[in-house]
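Asker: A single structure is presented below for examination.
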Amino acid sequence: MINLQPYNNPTYFAIILTGLLPVMIGLYYGKRLRIYESLISIVFLVLTFGGDHWQQGMALIGYTIFQVILTMSYAHYRHQKKNQTNVFIALIILSILPLVIVKLTPLFPNHHGFNLGFLGISYLTFKTVQVLMELRDGTIKEISASQYLHFLLFFPTISSGPIDRYRRFLRDYENPPARKDYLQSINKAVFYLFQGFLYKYILGYYFGTRLLPVVTHLALGQRLAFGGTGISWYLLAYMYVYSLYLFFDFAGYSLFAISISYFMGIQTPPNFNKPFIAHNIKDFWNRWHMTLSFWFRDFIFMRFTFWIMKHRWLKNHVRISQLAYLVNFLIMGFWHGVTWYYIVYGLFHATAIIINDYWLRFKKQHQDKIPHNRFTEYLAIFLTFNIVCFSFLIFSGFLDKLWF
Amino acid sequence: MKSAKKLGLIFGPVVIAAALVWGILLLPLNHRRVTNTELNHSAVSLSTNVYHGTMLKQAAFAKDYVPFLGSSELLRMDPLHPSVLAAKYHRPYQPFLLGSAGSQSLNHFFALQGVHRQLRGKKIVFIISPQWFTKHGQAPDAFSYFYSPLQAIDWLLTAKDTTSTRYAAKRLLSMPSGESSTVLAHALQKIAAGEKISHSERLFLEYRRQMLRNEDALFSKIKLDRRWQHVQKVERLLPAEDSNQLLTTTAIHLAQKHTNNNNLGIDNHFYAQRLRGSRINALRGSQKHFDYRCSPEYSDLELLLSEFKQMHTNVLFIIPPINQKWSHYTGLSLPMLRQTADKLAYQLNSQGFNHVLDMTSNSHQKYMMEDTIHLGWLGWLKMDEVVKPFLTQPQAQPNYHLNNYFYTKKWQQTLFSKEGGHS
């Protein structure tokens with residue numbers, strides 16, 4: 001049986017747009033063809049997770065059933081006005097358990113059993129945790145299994161996001177746009193689609209497929225440079241090339257997912273907003289992989305901060321937010337994978353954002369003495385860009401290859 | 001504005017763009033016009049685009065260009081390199097270099113697809129490196145680098161059901177490249193099982209082939225001139241007359257000048273860039289366990305031989321030597337190399353491939369190699385002593401009788417010695 005990986009080649013786009021044509025015509029006339037849309041979603045899920053990826057498909061089915069049972073039980077529990085913290089924590093642990101197992105599996109290289117993992121398990125887990133948290137908060141009151149499934153398995157974003165929010169998604173899903181708005185939507189969809197082509201297939205390809213192997217080879221050839229550290233100009237070149245590749249590849253992919261969502265009348269939130277013109281690290285995280293960083297902000301950083309404040313373990317607000325940053329980015333590091341370089345990447349960003357916080361406070365206190373003009377802005381952008389690129393060099397795992 | 005007009009404004013440009021791209025890629029455009037300059041450039045370019053394509057090769061082989069198949073040694077373009085000699089003395093043949101670091105028999109098998117008609121009954125020079133014959137044979141990454149879907153489709157659409165065809169299909173399927181397209185992978189599975197591909201698959205593959213041909217024609221001529229400029233520069237260092245004696249003097253003179261920063265007989269630049277300092281220490285004794293005698297590569301070679309037979313080509317095989325000082329340093333076993341060469345020679349000779357130049361016994365001679373394992377100066381010249389008469393004089397029509405035994409695991413794993421035959 002054939003297998004199609006999302007947004008992989010022109011054929012995929014031809015098939016997806018043809019398949020969605022009835023959905024688009026329906027929306028043009030103000031109607032959401034629910035049954036057809038569900039059917040075409042199933043077809044695309046089977047195309048992505050079937051064929052020689054069938055093991056992933058089985059894992060996805062098992063995972064989904066498990067999560068639906070968890071969420072529906074918790075919704076039922078909350079409906080009875082019960083709200084014990086222990087129950088909530090137990091459910092969160094159960095909900096992230098499959099992801100934790102998948103992330104820890106590579107640590108045991110001799111493991112040959114059935115793999116729980118499938119493409120996109122992280123992104124589904126972000127969604128399930130978010131719904132559980134909002135059920136606890138009471139911001140989600142009603143939830144139906146069918147709506148939850150539509151949200152969870154929304155196929156344009158299933159493999160790598162952007163990570164939508166349940167209530168936002170449902171609002172779009174339940175209210176088909178007016179014709180004028182839908183026309184605007186597809187106008188944007190076409191634009192995003194072509195921006196995605198430019199990003200992923202021209203720029204991402206150039207940096208990732210043409211340049212990256214060349215600089216990799218050159219940088220690896222300098223293993224013994226600079227007293228055996230391997231630090232060379234080629235390593236610097238690798239750092240920039242990899243960073244640009246990472247951005248264009250992932251931003252391109254995100255644009256495809258957003259474009260297809262817009263064609264379906266779902267305004268999936270953006271993932272990138274010119275991250276390389278960020279003025280500081282905080283600004284950067286408001287522009288880079290936004291749906292992920294906002295998810296971490298809302299469900300890790302904020303929750304952790306409130307938790308500490310509620311229990312009064314720390315009084316100093318500055319200390320609390322520093323600790324919260326550390327926890328936030330460490331978890332993000334571990335989420336990327338349990339290797340030293342992802343964890344160091346997390347620590348690096350936590351440190352950078354804490355230093356940045358110090359600086360911003362210092363700047364505020366000495367406003368009269370610190371100049372602010374076009375030059376300082378460019379300097380800030382330049383510094384931020386280089387710090388970010390350096391963090392991506394850590395993230396790339398290239399240093400692991402170079403040193404060990 | 002009316003909705004319909006808005007729709008037109010949204011999708012109109014997309015439709016026009018799609019039509020233009022498809023038009024350019026699918027029209028059976030005539031790209032046959034290739035100039036002599038372009039041929040000169042492409043023959044020595046060692047560009048992967050040229051290797052992947054068919055258009056330039058077809059144009060070249062229809063003229064007096066001869067395929068020189070090989071790998072990394074083709075990059076060693078000192079003045080005694082076959083391309084420089086042929087250019088300088090306006091020989092009646094010009095080498096068309098195919099292969100670079102990492103290309104082996106399986107890649108070459110595909111690289112000759114699409115040019116059967118032009119090569120029929122002609123001659124080929126093939127430099128076989130013993131270093132290809134490792135325990136696992138062709139590395140998948142390197143294969144992907146030289147793999148061309150155009151050639152794979154050309155082959156699929158013309159393949160007849162034979163042991164060689166099934167073997168090739170299985171080999172391609174074992175590489176990531178074979179799985180890169182769903183339709184291709186499916187067709188390969190059928191071919192490997194001895195079945196015919198369906199009519200719709202054929203149609204789809206023909207449509208893909210047209211696209212890939214146009215891509216080849218549009219992009220493979222881009223930026224090919226760098227190495228040709230190098231050839232023109234270094235040919236000035238050669239004597240005016242094509243005489244073996246004068247060339248030997250030049251070769252020794254150049255080799256002496258270029259290998260004086262080390263005592264291993266390795267090119268100065270190569271030594272300084274890749275070996276000097278602590279790097280070389282790490283390599284001492286590092287190749288003690290290298291063994292080229294048992295490898296899947298022997299069967300890949302057989303596949304290429306079947307291709308030579310199918311085209312009725314007369315092939316000269318060169319088995320290059322190794323820098324003996326270097327092999328002493330790294331601990332590579334010369335008796336092992338000897339047995340590898342014998343096994344290769346047996347596989348070739350027993351099937352009627354009689355033009356084999358085994359240079360492994362020249363390993364101890366000075367200036368044969370440009371660096372560690374790559375032919376240079378006197379080595380190129382020694383090869384030229386055989387290549388030149390082979391290509392300029394008429395040769396007897398070869399009579400090949402292939403044996404499917406060479407596709408078996410048994411042969412791949414056979415330790416062969418000249419005296420005892422199989423063991």
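How things are named: the first chain in the structure tokens is A, the next is B, and so on; residues count from 1 in each chain; ligands count from 1 in the order shown.
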May I have the residues within 9 Å of B:Leu305 as an MDAnalysis selection string, using only C-alpha atoms and disregarding those fewer than 5 positions away in the same chain?
Answerer: chainID B and resid 109 300 310 348 353 402
Asker: Run DSSP on the backbone and give me the residues of stretch 146-273 of chain B it puts in alpha helix (DSSP H), as a ChimeraX atom specification.
Answerer: /B:146,149-158,163-173,182-192,199-219,226-234,244-258,268-270
Asker: Could you make a table, as a tab-separated table, of the residues of stretch 287-387 of chain B that have an atom within 6 Å of an atom of stretch 119-122 of chain B, each with its nearest atom pair and distance in Å to one decimal, counting only C-alpha atoms, in chain and number order?
Answerer:
residue	atom	partner	partner_atom	distance
B:Met311	CA	B:Arg120	CA	4.8
B:His312	CA	B:Gly121	CA	4.8
B:Thr313	CA	B:Gly121	CA	4.8
Asker: Based on only C-alpha atoms, which of the residues in chain A come within 12 Å of chain B? I want them as a PyMOL selection string.
Answerer: chain A and resi 1-5+8-12+14+24-25+28-29+47+51-52+178-191+193-194+209-210+213+218+220-225+227-228
Asker: Please save C-alpha atoms of the selected residues as a tab-separated table (two decimals), in the first residue's frame.
Answerer:
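File written: part31.tsv
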chain	number	residue	atom	x	y	z
A	1	MET	CA	0.00	0.00	0.00
A	2	ILE	CA	1.20	3.50	-0.69
A	3	ASN	CA	2.37	5.81	2.03
A	4	LEU	CA	2.54	9.59	1.86
A	5	GLN	CA	4.60	11.66	4.23
A	8	ASN	CA	6.93	15.86	1.22
A	9	ASN	CA	6.55	16.32	-2.51
A	10	PRO	CA	4.37	18.00	-5.16
A	11	THR	CA	2.21	14.89	-5.44
A	12	TYR	CA	1.14	15.28	-1.82
A	14	ALA	CA	-1.90	17.78	-5.62
A	24	MET	CA	-13.64	24.24	-0.02
A	25	ILE	CA	-16.70	24.43	-2.27
A	28	TYR	CA	-17.58	28.85	-0.13
A	29	TYR	CA	-21.33	28.28	0.14
A	47	LEU	CA	-2.06	7.47	3.90
A	51	GLY	CA	1.55	1.13	4.31
A	52	ASP	CA	5.02	0.42	5.60
A	178	ALA	CA	-18.99	34.09	5.87
A	179	ARG	CA	-18.09	34.05	2.18
A	180	LYS	CA	-16.20	37.34	2.42
A	181	ASP	CA	-14.09	36.00	5.29
A	182	TYR	CA	-13.56	32.65	3.64
A	183	LEU	CA	-12.30	34.34	0.48
A	184	GLN	CA	-9.82	36.24	2.61
A	185	SER	CA	-8.86	32.97	4.25
A	186	ILE	CA	-8.08	31.21	1.00
A	187	ASN	CA	-6.27	34.26	-0.28
A	188	LYS	CA	-3.97	33.93	2.72
A	189	ALA	CA	-3.85	30.16	2.28
A	190	VAL	CA	-2.49	30.53	-1.26
A	191	PHE	CA	0.06	33.08	-0.08
A	193	LEU	CA	1.43	27.89	0.50
A	194	PHE	CA	3.79	29.67	-1.87
A	209	THR	CA	20.85	19.83	1.10
A	210	ARG	CA	23.41	21.86	-0.82
A	213	PRO	CA	26.87	18.62	3.75
A	218	LEU	CA	34.83	20.86	6.08
A	220	LEU	CA	34.67	17.69	10.58
A	221	GLY	CA	38.00	17.89	8.73
A	222	GLN	CA	39.13	20.45	11.32
A	223	ARG	CA	38.63	18.14	14.32
A	224	LEU	CA	42.12	18.84	15.60
A	225	ALA	CA	42.06	22.58	15.04
A	227	GLY	CA	44.19	22.80	20.33
A	228	GLY	CA	41.96	19.82	19.58
Asker: When you count only C-alpha atoms, which of these residues is closest to B:Asp225: B:Thr408, B:Asn268, B:Ser45, B:Ser129?
Answerer: B:Ser45
Asker: Have a look at A:Thr291, A:Asn115, A:Gln80, A:Gln67 and name the one nearest to A:Leu152; count only C-alpha atoms.
Answerer: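 Result for the nearest residue to A:Leu152: A:Gln67.
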Asker: List every residue of stretch 327-394 of chain B that DSSP, applied to the backbone of this structure, assigns to strand (DSSP E or B), and report them as a list in words.
Answerer: Val356, Leu357, Asp358, Met369 and Leu375 of chain B
